[in-house]
Amino acid sequence: MSSTELPPALAATVTPRVGTVRVAAGERLRSVGLPGITLTVRSRPPARAGLPPALYVHGLGGSSQNWSALMPLLDDLVASEALDLPGFGDSPPPDDGNYSVTGHARAVIRYLDAAERGPVHLFGNSLGGAVTTRVAAVRPDLVRTLTLVSPALPEIRAQRGAWPTALLAVPGVAGMFTKFTKGWSAEQRVRGVMALCYGDPGMVTPEGFRNAVEEMERRLALPYFWDAMARSTRGLVDAYTLGGQHGLWRQAERVLAPTLLVYGGRDQLVGYRMAQRAARAFRDSRLLTLPDAGHVAMMEYPEAVVTAFRELFADTGELTSSTNSSTATGAGS
């Protein structure tokens with residue numbers, strides 16, 4: 001067992017149905033059974049056949065819904081799919097209880113290998129940024145481009161806002177926190193999360209807030225919710241302590257795929273100051289900084305992130321090849 005892996009935890013043998021997962025217009029959900037894991041995959045039909053595939057990976061405590069604002073803006077460019085990592089969203093816990101960064105990366109790789117969709121345009125936010133960085137480093141054959149929104153890469157001086165979440169990694173803290181916050185309503189919890197993750201929580205629409213509360217209520221009813229949070233946090237902290245070739249910054253240097261880095265100036269979880277270090281670490285990178293964004297720029301400013309990705313897409317020659325493919329398909333029909 002590597003130092004990034006945690007002792008196995010018993011997975012729930014039956015995943016309770018506690019509520020319906022929200023599906024936006026044009027989206028569909030499906031369950032994919034793989035050895036040791038079952039993943040829920042959210043997808044959108046592309047504007048036309050033959051577009052290259054894209055895969056989106058959410059952050060700690062998030063789900064594939066975190067990409068619902070961005071995905072439709074790329075329907076004409078890529079065929080979009082977003083995963084619920086094991087233990088999050090509508091995906092049940094992994095059979096081996098492994099919530100390490102390596103464990104989550106294996107889940108992504110396992111899905112891509114089974115689906116035979118690679119290489120993909122790979123997107124990751126926060127924890128998902130660390131996971132996709134590892135995927136791109138160890139399996140470059142699976143990644144066309146890499147887009148990282150506030151990636152959770154090691155910082156010497158962690159953001160003050162990240163400390164409460166990091167404390168979940170300490171054994172017993174999750175249980176104490178659960179008892180301490182037992183009386184908190186779903187609305188209170190959502191307001192706290194939005195205050196932490198958004199540069200301006202006032203940007204969230206009333207409908208968006210109601211949807212988030214509904215999803216929070218559903219997740220809190222899952223018996224493994226806090227375990228998945230605590231063990232994934234511990235896995236991320238463990239990954240921060242690794243040195244050598246397994247260190248996340250060393251793996252960032254190994255990424256061959258053209259990389260778009262997105263950082264928010266009001267991010268309370270990932271330091272804005274890390275943007276320049278990341279730009280130096282990823283060998284073929286470009287940087288988008290959004291001074292008013294928080295930790296989830298793809299939800300706050302999806303149009304800005306999409307514009308930057310379109311530039312990356314065009315610069316890699318994908319736009320020309322996609323247009324030619326579409327023209328050839330039309331000519332032959």
# chains A, B, ... in the order shown; residues from 1 in each chain; ligands from 1
>>> select_by_dssp(residues="stretch 28-205 of chain A", states="strand (DSSP E or B)", output="ChimeraX atom specification")
/A:28-34,37-43,53-57,79-84,120-125,143-149
>>> write_last_selection(atoms="C-alpha atoms", output="mmCIF file, in the first residue's frame")
data_model
loop_
_atom_site.group_PDB
_atom_site.id
_atom_site.type_symbol
_atom_site.label_atom_id
_atom_site.label_comp_id
_atom_site.auth_asym_id
_atom_site.auth_seq_id
_atom_site.Cartn_x
_atom_site.Cartn_y
_atom_site.Cartn_z
ATOM 1 C CA ARG A 28 -28.579 12.725 -19.203
ATOM 2 C CA LEU A 29 -27.208 10.512 -16.450
ATOM 3 C CA ARG A 30 -26.077 6.936 -16.676
ATOM 4 C CA SER A 31 -24.418 4.510 -14.292
ATOM 5 C CA VAL A 32 -21.239 2.752 -15.377
ATOM 6 C CA GLY A 33 -20.121 -0.361 -13.515
ATOM 7 C CA LEU A 34 -16.366 -0.974 -13.474
ATOM 8 C CA ILE A 37 -16.335 1.140 -8.583
ATOM 9 C CA THR A 38 -19.618 2.360 -10.017
ATOM 10 C CA LEU A 39 -19.564 5.813 -11.559
ATOM 11 C CA THR A 40 -22.398 8.140 -12.485
ATOM 12 C CA VAL A 41 -21.672 9.952 -15.742
ATOM 13 C CA ARG A 42 -23.442 13.154 -16.813
ATOM 14 C CA SER A 43 -23.346 13.849 -20.546
ATOM 15 C CA PRO A 53 -14.480 14.001 -26.369
ATOM 16 C CA ALA A 54 -14.124 16.029 -23.178
ATOM 17 C CA LEU A 55 -14.254 14.818 -19.568
ATOM 18 C CA TYR A 56 -14.841 17.009 -16.500
ATOM 19 C CA VAL A 57 -13.809 16.153 -12.911
ATOM 20 C CA ALA A 79 -18.691 15.858 -26.776
ATOM 21 C CA SER A 80 -18.992 16.489 -23.030
ATOM 22 C CA GLU A 81 -19.096 14.038 -20.143
ATOM 23 C CA ALA A 82 -18.670 14.767 -16.424
ATOM 24 C CA LEU A 83 -17.966 12.194 -13.717
ATOM 25 C CA ASP A 84 -19.184 11.893 -10.163
ATOM 26 C CA VAL A 120 -9.907 13.561 -24.178
ATOM 27 C CA HIS A 121 -9.903 17.244 -23.383
ATOM 28 C CA LEU A 122 -9.612 16.840 -19.619
ATOM 29 C CA PHE A 123 -10.947 19.434 -17.148
ATOM 30 C CA GLY A 124 -10.454 19.469 -13.368
ATOM 31 C CA ASN A 125 -11.411 21.788 -10.521
ATOM 32 C CA VAL A 143 -5.173 13.507 -22.579
ATOM 33 C CA ARG A 144 -5.405 15.918 -25.527
ATOM 34 C CA THR A 145 -5.464 19.113 -23.452
ATOM 35 C CA LEU A 146 -5.687 19.813 -19.737
ATOM 36 C CA THR A 147 -7.758 22.635 -18.229
ATOM 37 C CA LEU A 148 -7.307 23.239 -14.498
ATOM 38 C CA VAL A 149 -9.592 25.560 -12.547
#
>>> closest_atom_pairs(of="stretch 3-94 of chain A", to="stretch 292-306 of chain A", cutoff="9 Å", atoms="only C-alpha atoms", output="JSON lines")
{"residue": "A:Asn66", "atom": "CA", "partner": "A:Met299", "partner_atom": "CA", "distance": 6.7}
{"residue": "A:Trp67", "atom": "CA", "partner": "A:Met298", "partner_atom": "CA", "distance": 6.9}
{"residue": "A:Ser68", "atom": "CA", "partner": "A:Met299", "partner_atom": "CA", "distance": 8.1}
{"residue": "A:Ala69", "atom": "CA", "partner": "A:Met299", "partner_atom": "CA", "distance": 6.0}
{"residue": "A:Leu70", "atom": "CA", "partner": "A:Pro302", "partner_atom": "CA", "distance": 5.2}
{"residue": "A:Met71", "atom": "CA", "partner": "A:Pro302", "partner_atom": "CA", "distance": 8.9}
{"residue": "A:Leu73", "atom": "CA", "partner": "A:Val306", "partner_atom": "CA", "distance": 7.0}
{"residue": "A:Leu74", "atom": "CA", "partner": "A:Val306", "partner_atom": "CA", "distance": 7.2}
>>> closest_residue(among="A:Val138, A:Leu236, A:Val78, A:Ala25", to="A:Phe309", atoms="only C-alpha atoms")
A:Val78
>>> residues_around(residues="stretch 108-112 of chain A", least_positions_apart="5", cutoff="7 Å", atoms="only C-alpha atoms", output="PDB file with all heavy atoms, in the first residue's frame")
ATOM      1  N   ARG A 117     -12.671   6.365 -24.952  1.00  0.00           N
ATOM      2  CA  ARG A 117     -12.931   7.714 -25.456  1.00  0.00           C
ATOM      3  C   ARG A 117     -11.650   8.532 -25.598  1.00  0.00           C
ATOM      4  O   ARG A 117     -11.664   9.606 -26.190  1.00  0.00           O
ATOM      5  CB  ARG A 117     -13.891   8.470 -24.531  1.00  0.00           C
ATOM      6  CG  ARG A 117     -15.272   7.888 -24.450  1.00  0.00           C
ATOM      7  CD  ARG A 117     -16.181   8.756 -23.587  1.00  0.00           C
ATOM      8  NE  ARG A 117     -16.689   9.911 -24.296  1.00  0.00           N
ATOM      9  CZ  ARG A 117     -16.514  11.171 -23.929  1.00  0.00           C
ATOM     10  NH1 ARG A 117     -15.802  11.452 -22.851  1.00  0.00           N
ATOM     11  NH2 ARG A 117     -17.034  12.162 -24.619  1.00  0.00           N
ATOM     12  N   GLY A 118     -10.558   8.039 -25.021  1.00  0.00           N
ATOM     13  CA  GLY A 118      -9.343   8.833 -25.022  1.00  0.00           C
ATOM     14  C   GLY A 118      -8.663   8.881 -26.377  1.00  0.00           C
ATOM     15  O   GLY A 118      -8.892   8.005 -27.212  1.00  0.00           O
ATOM     16  N   VAL A 135      -3.464  12.142 -13.648  1.00  0.00           N
ATOM     17  CA  VAL A 135      -3.864  11.362 -14.822  1.00  0.00           C
ATOM     18  C   VAL A 135      -3.022  11.763 -16.036  1.00  0.00           C
ATOM     19  O   VAL A 135      -2.495  10.915 -16.757  1.00  0.00           O
ATOM     20  CB  VAL A 135      -5.360  11.550 -15.129  1.00  0.00           C
ATOM     21  CG1 VAL A 135      -5.726  10.909 -16.469  1.00  0.00           C
ATOM     22  CG2 VAL A 135      -6.214  10.947 -14.016  1.00  0.00           C
TER      23      VAL A 135
END
>>> closest_residue(among="A:Ala195, A:Gln251, A:Trp226, A:Ser150", to="A:Thr289", atoms="only C-alpha atoms")
A:Ser150
>>> residues_around(residues="A:Ala278", least_positions_apart="2", cutoff="12 Å", atoms="only C-alpha atoms", output="CSV table (one decimal) with all heavy atoms, in the first residue's frame")
chain,number,residue,atom,x,y,z
A,129,GLY,N,-8.6,19.0,-10.0
A,129,GLY,CA,-7.4,19.5,-10.7
A,129,GLY,C,-6.1,18.7,-10.3
A,129,GLY,O,-5.3,18.4,-11.1
A,130,ALA,N,-6.0,18.3,-9.0
A,130,ALA,CA,-4.9,17.4,-8.6
A,130,ALA,C,-5.1,16.0,-9.2
A,130,ALA,O,-4.1,15.5,-9.7
A,130,ALA,CB,-4.9,17.3,-7.1
A,133,THR,N,-4.3,16.3,-13.0
A,133,THR,CA,-2.8,16.5,-13.2
A,133,THR,C,-2.1,15.1,-13.1
A,133,THR,O,-1.3,14.8,-13.9
A,133,THR,CB,-2.3,17.4,-12.1
A,133,THR,OG1,-2.8,18.7,-12.3
A,133,THR,CG2,-0.7,17.5,-12.2
A,148,LEU,N,-7.3,23.3,-16.0
A,148,LEU,CA,-7.3,23.2,-14.5
A,148,LEU,C,-7.9,24.5,-13.9
A,148,LEU,O,-7.3,25.6,-14.1
A,148,LEU,CB,-5.9,23.0,-14.0
A,148,LEU,CG,-5.2,21.7,-14.5
A,148,LEU,CD1,-3.8,21.7,-13.9
A,148,LEU,CD2,-6.0,20.5,-14.1
A,149,VAL,N,-9.0,24.4,-13.2
A,149,VAL,CA,-9.6,25.6,-12.5
A,149,VAL,C,-9.3,25.5,-11.1
A,149,VAL,O,-9.7,24.6,-10.4
A,149,VAL,CB,-11.1,25.6,-12.8
A,149,VAL,CG1,-11.7,26.8,-12.1
A,149,VAL,CG2,-11.4,25.5,-14.3
A,150,SER,N,-8.5,26.4,-10.6
A,150,SER,CA,-8.1,26.4,-9.2
A,150,SER,C,-7.6,25.0,-8.7
A,150,SER,O,-8.2,24.5,-7.8
A,150,SER,CB,-9.2,26.9,-8.3
A,150,SER,OG,-9.5,28.3,-8.5
A,151,PRO,N,-6.6,24.5,-9.4
A,151,PRO,CA,-6.2,23.1,-9.0
A,151,PRO,C,-5.6,23.1,-7.6
A,151,PRO,O,-4.9,24.0,-7.2
A,151,PRO,CB,-5.1,22.8,-10.0
A,151,PRO,CG,-4.6,24.1,-10.4
A,151,PRO,CD,-5.8,25.1,-10.4
A,152,ALA,N,-5.9,22.0,-6.9
A,152,ALA,CA,-5.4,21.8,-5.5
A,152,ALA,C,-4.0,21.2,-5.5
A,152,ALA,O,-3.8,20.0,-5.3
A,152,ALA,CB,-6.4,20.9,-4.7
A,153,LEU,N,-3.1,22.1,-5.8
A,153,LEU,CA,-1.7,21.7,-5.8
A,153,LEU,C,-1.0,22.2,-4.5
A,153,LEU,O,-1.4,23.2,-3.9
A,153,LEU,CB,-0.9,22.2,-7.0
A,153,LEU,CG,-1.5,21.7,-8.4
A,153,LEU,CD1,-0.8,22.4,-9.5
A,153,LEU,CD2,-1.4,20.2,-8.5
A,154,PRO,N,0.0,21.5,-4.0
A,154,PRO,CA,0.6,21.9,-2.7
A,154,PRO,C,1.0,23.3,-2.6
A,154,PRO,O,1.7,23.9,-3.5
A,154,PRO,CB,1.8,20.9,-2.6
A,154,PRO,CG,1.4,19.8,-3.4
A,154,PRO,CD,0.7,20.3,-4.6
A,155,GLU,N,0.7,23.9,-1.4
A,155,GLU,CA,1.1,25.3,-1.1
A,155,GLU,C,1.9,25.2,0.3
A,155,GLU,O,1.4,24.5,1.2
A,155,GLU,CB,-0.1,26.2,-1.0
A,155,GLU,CG,-0.9,26.4,-2.2
A,155,GLU,CD,-2.0,27.4,-2.1
A,155,GLU,OE1,-1.8,28.4,-1.4
A,155,GLU,OE2,-3.2,27.1,-2.5
A,248,LEU,N,3.0,16.1,-6.5
A,248,LEU,CA,2.1,16.7,-7.5
A,248,LEU,C,2.8,17.8,-8.4
A,248,LEU,O,2.6,17.9,-9.6
A,248,LEU,CB,0.9,17.3,-6.8
A,248,LEU,CG,-0.1,16.3,-6.3
A,248,LEU,CD1,-1.2,17.0,-5.5
A,248,LEU,CD2,-0.8,15.6,-7.5
A,249,TRP,N,3.7,18.6,-7.8
A,249,TRP,CA,4.4,19.5,-8.6
A,249,TRP,C,5.4,18.9,-9.6
A,249,TRP,O,5.5,19.3,-10.7
A,249,TRP,CB,5.2,20.5,-7.7
A,249,TRP,CG,4.3,21.6,-7.1
A,249,TRP,CD1,4.0,21.7,-5.8
A,249,TRP,CD2,3.6,22.6,-7.8
A,249,TRP,NE1,3.2,22.8,-5.6
A,249,TRP,CE2,2.9,23.3,-6.8
A,249,TRP,CE3,3.4,22.9,-9.1
A,249,TRP,CZ2,2.1,24.4,-7.1
A,249,TRP,CZ3,2.6,24.0,-9.4
A,249,TRP,CH2,1.9,24.7,-8.4
A,250,ARG,N,6.0,17.8,-9.2
A,250,ARG,CA,6.9,17.0,-10.1
A,250,ARG,C,6.0,16.4,-11.2
A,250,ARG,O,6.5,16.4,-12.4
A,250,ARG,CB,7.6,15.9,-9.3
A,250,ARG,CG,8.6,15.1,-10.1
A,250,ARG,CD,9.8,15.9,-10.7
A,250,ARG,NE,10.6,16.4,-9.6
A,250,ARG,CZ,11.5,15.7,-9.0
A,250,ARG,NH1,11.8,14.5,-9.4
A,250,ARG,NH2,12.2,16.2,-8.0
A,251,GLN,N,4.9,15.9,-10.9
A,251,GLN,CA,4.0,15.4,-11.9
A,251,GLN,C,3.5,16.5,-12.8
A,251,GLN,O,3.3,16.2,-14.0
A,251,GLN,CB,2.9,14.6,-11.3
A,251,GLN,CG,3.4,13.3,-10.6
A,251,GLN,CD,2.3,12.3,-10.2
A,251,GLN,OE1,1.2,12.7,-9.8
A,251,GLN,NE2,2.6,11.1,-10.4
A,252,ALA,N,3.3,17.7,-12.3
A,252,ALA,CA,2.9,18.8,-13.2
A,252,ALA,C,3.9,19.0,-14.2
A,252,ALA,O,3.6,19.3,-15.4
A,252,ALA,CB,2.6,20.0,-12.3
A,253,GLU,N,5.2,18.9,-13.8
A,253,GLU,CA,6.3,19.1,-14.8
A,253,GLU,C,6.4,18.1,-15.9
A,253,GLU,O,6.9,18.3,-16.9
A,253,GLU,CB,7.6,19.2,-14.0
A,253,GLU,CG,7.7,20.4,-13.1
A,253,GLU,CD,9.0,20.3,-12.2
A,253,GLU,OE1,9.6,19.2,-12.2
A,253,GLU,OE2,9.2,21.2,-11.4
A,255,VAL,N,3.6,16.7,-17.3
A,255,VAL,CA,2.5,16.8,-18.2
A,255,VAL,C,2.9,17.3,-19.6
A,255,VAL,O,3.5,18.4,-19.7
A,255,VAL,CB,1.4,17.7,-17.6
A,255,VAL,CG1,0.3,18.0,-18.6
A,255,VAL,CG2,0.8,17.1,-16.3
A,259,THR,N,-1.8,23.0,-21.6
A,259,THR,CA,-2.6,23.2,-20.4
A,259,THR,C,-3.1,24.6,-20.2
A,259,THR,O,-2.3,25.6,-20.4
A,259,THR,CB,-1.7,22.8,-19.2
A,259,THR,OG1,-1.2,21.5,-19.3
A,259,THR,CG2,-2.4,23.0,-17.8
A,260,LEU,N,-4.3,24.7,-19.9
A,260,LEU,CA,-4.9,26.0,-19.5
A,260,LEU,C,-5.1,26.1,-18.0
A,260,LEU,O,-5.7,25.2,-17.4
A,260,LEU,CB,-6.3,26.2,-20.2
A,260,LEU,CG,-7.1,27.4,-19.7
A,260,LEU,CD1,-6.4,28.7,-20.0
A,260,LEU,CD2,-8.5,27.3,-20.4
A,261,LEU,N,-4.6,27.1,-17.4
A,261,LEU,CA,-4.7,27.3,-15.9
A,261,LEU,C,-5.6,28.5,-15.6
A,261,LEU,O,-5.4,29.5,-16.2
A,261,LEU,CB,-3.3,27.6,-15.3
A,261,LEU,CG,-2.2,26.5,-15.6
A,261,LEU,CD1,-0.8,27.0,-15.3
A,261,LEU,CD2,-2.5,25.3,-14.7
A,262,VAL,N,-6.6,28.3,-14.8
A,262,VAL,CA,-7.5,29.3,-14.4
A,262,VAL,C,-7.5,29.5,-12.9
A,262,VAL,O,-7.7,28.6,-12.1
A,262,VAL,CB,-9.0,28.9,-14.8
A,262,VAL,CG1,-9.9,30.0,-14.5
A,262,VAL,CG2,-9.0,28.5,-16.3
A,263,TYR,N,-7.2,30.8,-12.5
A,263,TYR,CA,-7.1,31.1,-11.1
A,263,TYR,C,-8.0,32.4,-10.8
A,263,TYR,O,-8.1,33.3,-11.6
A,263,TYR,CB,-5.7,31.5,-10.7
A,263,TYR,CG,-4.8,30.2,-10.5
A,263,TYR,CD1,-4.2,29.5,-11.6
A,263,TYR,CD2,-4.6,29.7,-9.2
A,263,TYR,CE1,-3.5,28.4,-11.4
A,263,TYR,CE2,-3.8,28.6,-9.0
A,263,TYR,CZ,-3.2,28.0,-10.1
A,263,TYR,OH,-2.5,26.8,-9.9
A,270,VAL,N,-7.5,28.2,-2.8
A,270,VAL,CA,-6.3,28.0,-3.5
A,270,VAL,C,-5.7,29.4,-3.8
A,270,VAL,O,-6.4,30.3,-4.3
A,270,VAL,CB,-6.5,27.3,-4.9
A,270,VAL,CG1,-5.3,27.4,-5.8
A,270,VAL,CG2,-6.9,25.8,-4.7
A,271,GLY,N,-4.5,29.6,-3.4
A,271,GLY,CA,-3.9,30.9,-3.4
A,271,GLY,C,-3.7,31.5,-4.8
A,271,GLY,O,-3.2,30.8,-5.7
A,272,TYR,N,-4.2,32.7,-5.0
A,272,TYR,CA,-4.0,33.4,-6.3
A,272,TYR,C,-2.5,33.5,-6.7
A,272,TYR,O,-2.1,33.5,-7.8
A,272,TYR,CB,-4.6,34.7,-6.2
A,272,TYR,CG,-4.8,35.5,-7.5
A,272,TYR,CD1,-5.5,35.0,-8.5
A,272,TYR,CD2,-4.2,36.8,-7.6
A,272,TYR,CE1,-5.7,35.8,-9.7
A,272,TYR,CE2,-4.4,37.6,-8.7
A,272,TYR,CZ,-5.1,37.1,-9.8
A,272,TYR,OH,-5.3,37.8,-10.9
A,273,ARG,N,-1.7,33.5,-5.6
A,273,ARG,CA,-0.2,33.7,-5.8
A,273,ARG,C,0.4,32.4,-6.5
A,273,ARG,O,1.5,32.5,-7.0
A,273,ARG,CB,0.5,33.9,-4.5
A,273,ARG,CG,0.3,32.8,-3.5
A,273,ARG,CD,0.9,33.1,-2.1
A,273,ARG,NE,0.8,32.0,-1.2
A,273,ARG,CZ,-0.3,31.8,-0.5
A,273,ARG,NH1,-1.3,32.6,-0.6
A,273,ARG,NH2,-0.4,30.7,0.3
A,274,MET,N,-0.4,31.3,-6.4
A,274,MET,CA,0.2,30.1,-7.0
A,274,MET,C,0.1,30.0,-8.5
A,274,MET,O,0.6,29.1,-9.2
A,274,MET,CB,-0.6,28.9,-6.4
A,274,MET,CG,-0.5,28.8,-4.9
A,274,MET,SD,1.2,28.7,-4.3
A,274,MET,CE,1.8,27.2,-4.9
A,275,ALA,N,-0.6,31.0,-9.1
A,275,ALA,CA,-0.8,31.0,-10.5
A,275,ALA,C,0.5,31.0,-11.3
A,275,ALA,O,0.7,30.2,-12.3
A,275,ALA,CB,-1.7,32.2,-10.9
A,276,GLN,N,1.4,31.9,-10.9
A,276,GLN,CA,2.7,32.0,-11.6
A,276,GLN,C,3.5,30.7,-11.5
A,276,GLN,O,4.2,30.3,-12.4
A,276,GLN,CB,3.4,33.2,-11.2
A,276,GLN,CG,2.8,34.5,-11.6
A,276,GLN,CD,2.6,34.7,-13.1
A,276,GLN,OE1,3.5,34.2,-13.9
A,276,GLN,NE2,1.6,35.3,-13.5
A,280,ARG,N,4.8,28.1,-14.5
A,280,ARG,CA,6.2,27.7,-14.8
A,280,ARG,C,6.3,26.2,-14.7
A,280,ARG,O,7.1,25.6,-15.4
A,280,ARG,CB,7.1,28.3,-13.7
A,280,ARG,CG,7.2,29.8,-13.8
A,280,ARG,CD,8.4,30.3,-12.9
A,280,ARG,NE,8.1,30.0,-11.5
A,280,ARG,CZ,7.5,30.9,-10.7
A,280,ARG,NH1,7.1,32.0,-11.1
A,280,ARG,NH2,7.3,30.5,-9.4
A,281,ALA,N,5.5,25.5,-13.9
A,281,ALA,CA,5.6,24.1,-13.7
A,281,ALA,C,5.1,23.3,-15.0
A,281,ALA,O,5.7,22.4,-15.4
A,281,ALA,CB,4.8,23.6,-12.5
A,282,PHE,N,3.9,23.7,-15.5
A,282,PHE,CA,3.4,23.0,-16.7
A,282,PHE,C,4.1,23.5,-17.9
A,282,PHE,O,4.1,24.7,-18.2
A,282,PHE,CB,1.9,23.2,-16.8
A,282,PHE,CG,1.1,22.5,-15.7
A,282,PHE,CD1,0.8,23.2,-14.5
A,282,PHE,CD2,0.6,21.3,-15.9
A,282,PHE,CE1,0.1,22.5,-13.5
A,282,PHE,CE2,-0.1,20.6,-14.9
A,282,PHE,CZ,-0.4,21.2,-13.7
A,283,ARG,N,4.8,22.6,-18.6
A,283,ARG,CA,5.7,23.0,-19.7
A,283,ARG,C,5.0,23.7,-20.8
A,283,ARG,O,5.6,24.6,-21.5
A,283,ARG,CB,6.5,21.8,-20.2
A,283,ARG,CG,5.6,20.7,-20.9
A,283,ARG,CD,6.5,19.6,-21.3
A,283,ARG,NE,7.0,18.8,-20.2
A,283,ARG,CZ,7.9,17.8,-20.3
A,283,ARG,NH1,8.4,17.5,-21.5
A,283,ARG,NH2,8.3,17.1,-19.2
A,284,ASP,N,3.8,23.4,-21.2
A,284,ASP,CA,3.1,24.0,-22.3
A,284,ASP,C,1.8,24.6,-21.7
A,284,ASP,O,0.7,24.0,-21.9
A,284,ASP,CB,2.8,23.0,-23.4
A,284,ASP,CG,2.1,23.6,-24.6
A,284,ASP,OD1,2.0,24.8,-24.6
A,284,ASP,OD2,1.8,22.8,-25.5
A,285,SER,N,1.9,25.8,-21.1
A,285,SER,CA,0.8,26.3,-20.4
A,285,SER,C,0.4,27.7,-20.8
A,285,SER,O,1.3,28.4,-21.3
A,285,SER,CB,1.0,26.3,-18.8
A,285,SER,OG,2.0,27.2,-18.5
A,286,ARG,N,-0.8,28.0,-20.5
A,286,ARG,CA,-1.3,29.4,-20.7
A,286,ARG,C,-2.1,29.7,-19.4
A,286,ARG,O,-2.7,28.8,-18.8
A,286,ARG,CB,-2.1,29.6,-21.9
A,286,ARG,CG,-3.3,28.7,-22.1
A,286,ARG,CD,-3.7,28.6,-23.5
A,286,ARG,NE,-2.7,27.9,-24.3
A,286,ARG,CZ,-2.5,28.0,-25.6
A,286,ARG,NH1,-3.3,28.8,-26.3
A,286,ARG,NH2,-1.6,27.4,-26.2
A,287,LEU,N,-2.2,31.0,-19.0
A,287,LEU,CA,-2.8,31.3,-17.8
A,287,LEU,C,-3.9,32.3,-18.0
A,287,LEU,O,-3.8,33.3,-18.6
A,287,LEU,CB,-1.7,31.9,-16.9
A,287,LEU,CG,-2.2,32.5,-15.5
A,287,LEU,CD1,-2.7,31.3,-14.6
A,287,LEU,CD2,-1.0,33.1,-14.8
A,288,LEU,N,-5.1,32.0,-17.3
A,288,LEU,CA,-6.2,32.9,-17.3
A,288,LEU,C,-6.4,33.3,-15.8
A,288,LEU,O,-6.7,32.4,-15.0
A,288,LEU,CB,-7.5,32.3,-17.8
A,288,LEU,CG,-8.8,33.0,-17.6
A,288,LEU,CD1,-8.8,34.4,-18.4
A,288,LEU,CD2,-10.0,32.2,-18.1
>>> closest_residue(among="A:Phe225, A:Phe88, A:Tyr240, A:Trp184", to="A:Thr102", atoms="only C-alpha atoms")
A:Tyr240
>>> select_by_dssp(residues="stretch 37-229 of chain A", states="helix (DSSP H, G or I)", output="number ranges by chain")
A: 64-67, 71-74, 101-115, 127-138, 140-142, 160-169, 173-180, 186-197, 201-203, 206-220, 225-229
>>> residues_around(residues="A:Arg48", least_positions_apart="3", cutoff="9 Å", atoms="only C-alpha atoms", output="PDB file with N, CA, C and O atoms, in the first residue's frame")
ATOM      1  N   PRO A  45     -25.413  15.682 -25.515  1.00  0.00           N
ATOM      2  CA  PRO A  45     -25.185  15.347 -26.921  1.00  0.00           C
ATOM      3  C   PRO A  45     -24.465  16.492 -27.618  1.00  0.00           C
ATOM      4  O   PRO A  45     -24.847  17.659 -27.454  1.00  0.00           O
ATOM      5  N   LEU A  51     -17.256  15.097 -33.014  1.00  0.00           N
ATOM      6  CA  LEU A  51     -16.504  16.058 -32.206  1.00  0.00           C
ATOM      7  C   LEU A  51     -15.643  15.317 -31.186  1.00  0.00           C
ATOM      8  O   LEU A  51     -16.024  14.255 -30.684  1.00  0.00           O
ATOM      9  N   ASP A  75     -20.962  22.763 -26.643  1.00  0.00           N
ATOM     10  CA  ASP A  75     -21.627  21.718 -27.427  1.00  0.00           C
ATOM     11  C   ASP A  75     -21.174  21.685 -28.883  1.00  0.00           C
ATOM     12  O   ASP A  75     -21.218  20.635 -29.530  1.00  0.00           O
ATOM     13  N   ASP A  76     -20.765  22.836 -29.409  1.00  0.00           N
ATOM     14  CA  ASP A  76     -20.346  22.884 -30.814  1.00  0.00           C
ATOM     15  C   ASP A  76     -18.884  22.496 -30.999  1.00  0.00           C
ATOM     16  O   ASP A  76     -18.405  22.408 -32.127  1.00  0.00           O
ATOM     17  N   LEU A  77     -18.185  22.255 -29.887  1.00  0.00           N
ATOM     18  CA  LEU A  77     -16.743  22.034 -29.962  1.00  0.00           C
ATOM     19  C   LEU A  77     -16.329  20.639 -29.516  1.00  0.00           C
ATOM     20  O   LEU A  77     -15.413  20.041 -30.091  1.00  0.00           O
ATOM     21  N   ALA A  79     -17.645  16.732 -27.315  1.00  0.00           N
ATOM     22  CA  ALA A  79     -18.691  15.858 -26.776  1.00  0.00           C
ATOM     23  C   ALA A  79     -18.426  15.712 -25.285  1.00  0.00           C
ATOM     24  O   ALA A  79     -17.453  15.071 -24.867  1.00  0.00           O
ATOM     25  N   SER A 326     -16.209  17.887 -40.041  1.00  0.00           N
ATOM     26  CA  SER A 326     -17.616  18.220 -40.206  1.00  0.00           C
ATOM     27  C   SER A 326     -17.943  18.457 -41.682  1.00  0.00           C
ATOM     28  O   SER A 326     -18.961  18.023 -42.188  1.00  0.00           O
TER      29      SER A 326
END
>>> decode(residues="stretch 309-315 of chain A", atoms="N, CA and C atoms", output="PDB file, in the first residue's frame")
ATOM      1  N   PHE A 309     -10.610  28.427 -23.272  1.00  0.00           N
ATOM      2  CA  PHE A 309     -10.456  27.061 -23.773  1.00  0.00           C
ATOM      3  C   PHE A 309     -10.562  27.032 -25.292  1.00  0.00           C
ATOM      4  N   ARG A 310     -11.439  27.820 -25.868  1.00  0.00           N
ATOM      5  CA  ARG A 310     -11.552  27.855 -27.331  1.00  0.00           C
ATOM      6  C   ARG A 310     -10.233  28.298 -27.969  1.00  0.00           C
ATOM      7  N   GLU A 311      -9.557  29.240 -27.330  1.00  0.00           N
ATOM      8  CA  GLU A 311      -8.256  29.677 -27.842  1.00  0.00           C
ATOM      9  C   GLU A 311      -7.235  28.548 -27.761  1.00  0.00           C
ATOM     10  N   LEU A 312      -7.246  27.832 -26.645  1.00  0.00           N
ATOM     11  CA  LEU A 312      -6.363  26.673 -26.499  1.00  0.00           C
ATOM     12  C   LEU A 312      -6.681  25.632 -27.559  1.00  0.00           C
ATOM     13  N   PHE A 313      -7.956  25.359 -27.733  1.00  0.00           N
ATOM     14  CA  PHE A 313      -8.434  24.379 -28.698  1.00  0.00           C
ATOM     15  C   PHE A 313      -7.968  24.741 -30.106  1.00  0.00           C
ATOM     16  N   ALA A 314      -8.116  26.017 -30.477  1.00  0.00           N
ATOM     17  CA  ALA A 314      -7.718  26.474 -31.804  1.00  0.00           C
ATOM     18  C   ALA A 314      -6.207  26.387 -31.994  1.00  0.00           C
ATOM     19  N   ASP A 315      -5.456  26.751 -30.958  1.00  0.00           N
ATOM     20  CA  ASP A 315      -4.002  26.763 -31.062  1.00  0.00           C
ATOM     21  C   ASP A 315      -3.410  25.363 -31.197  1.00  0.00           C
TER      22      ASP A 315
END
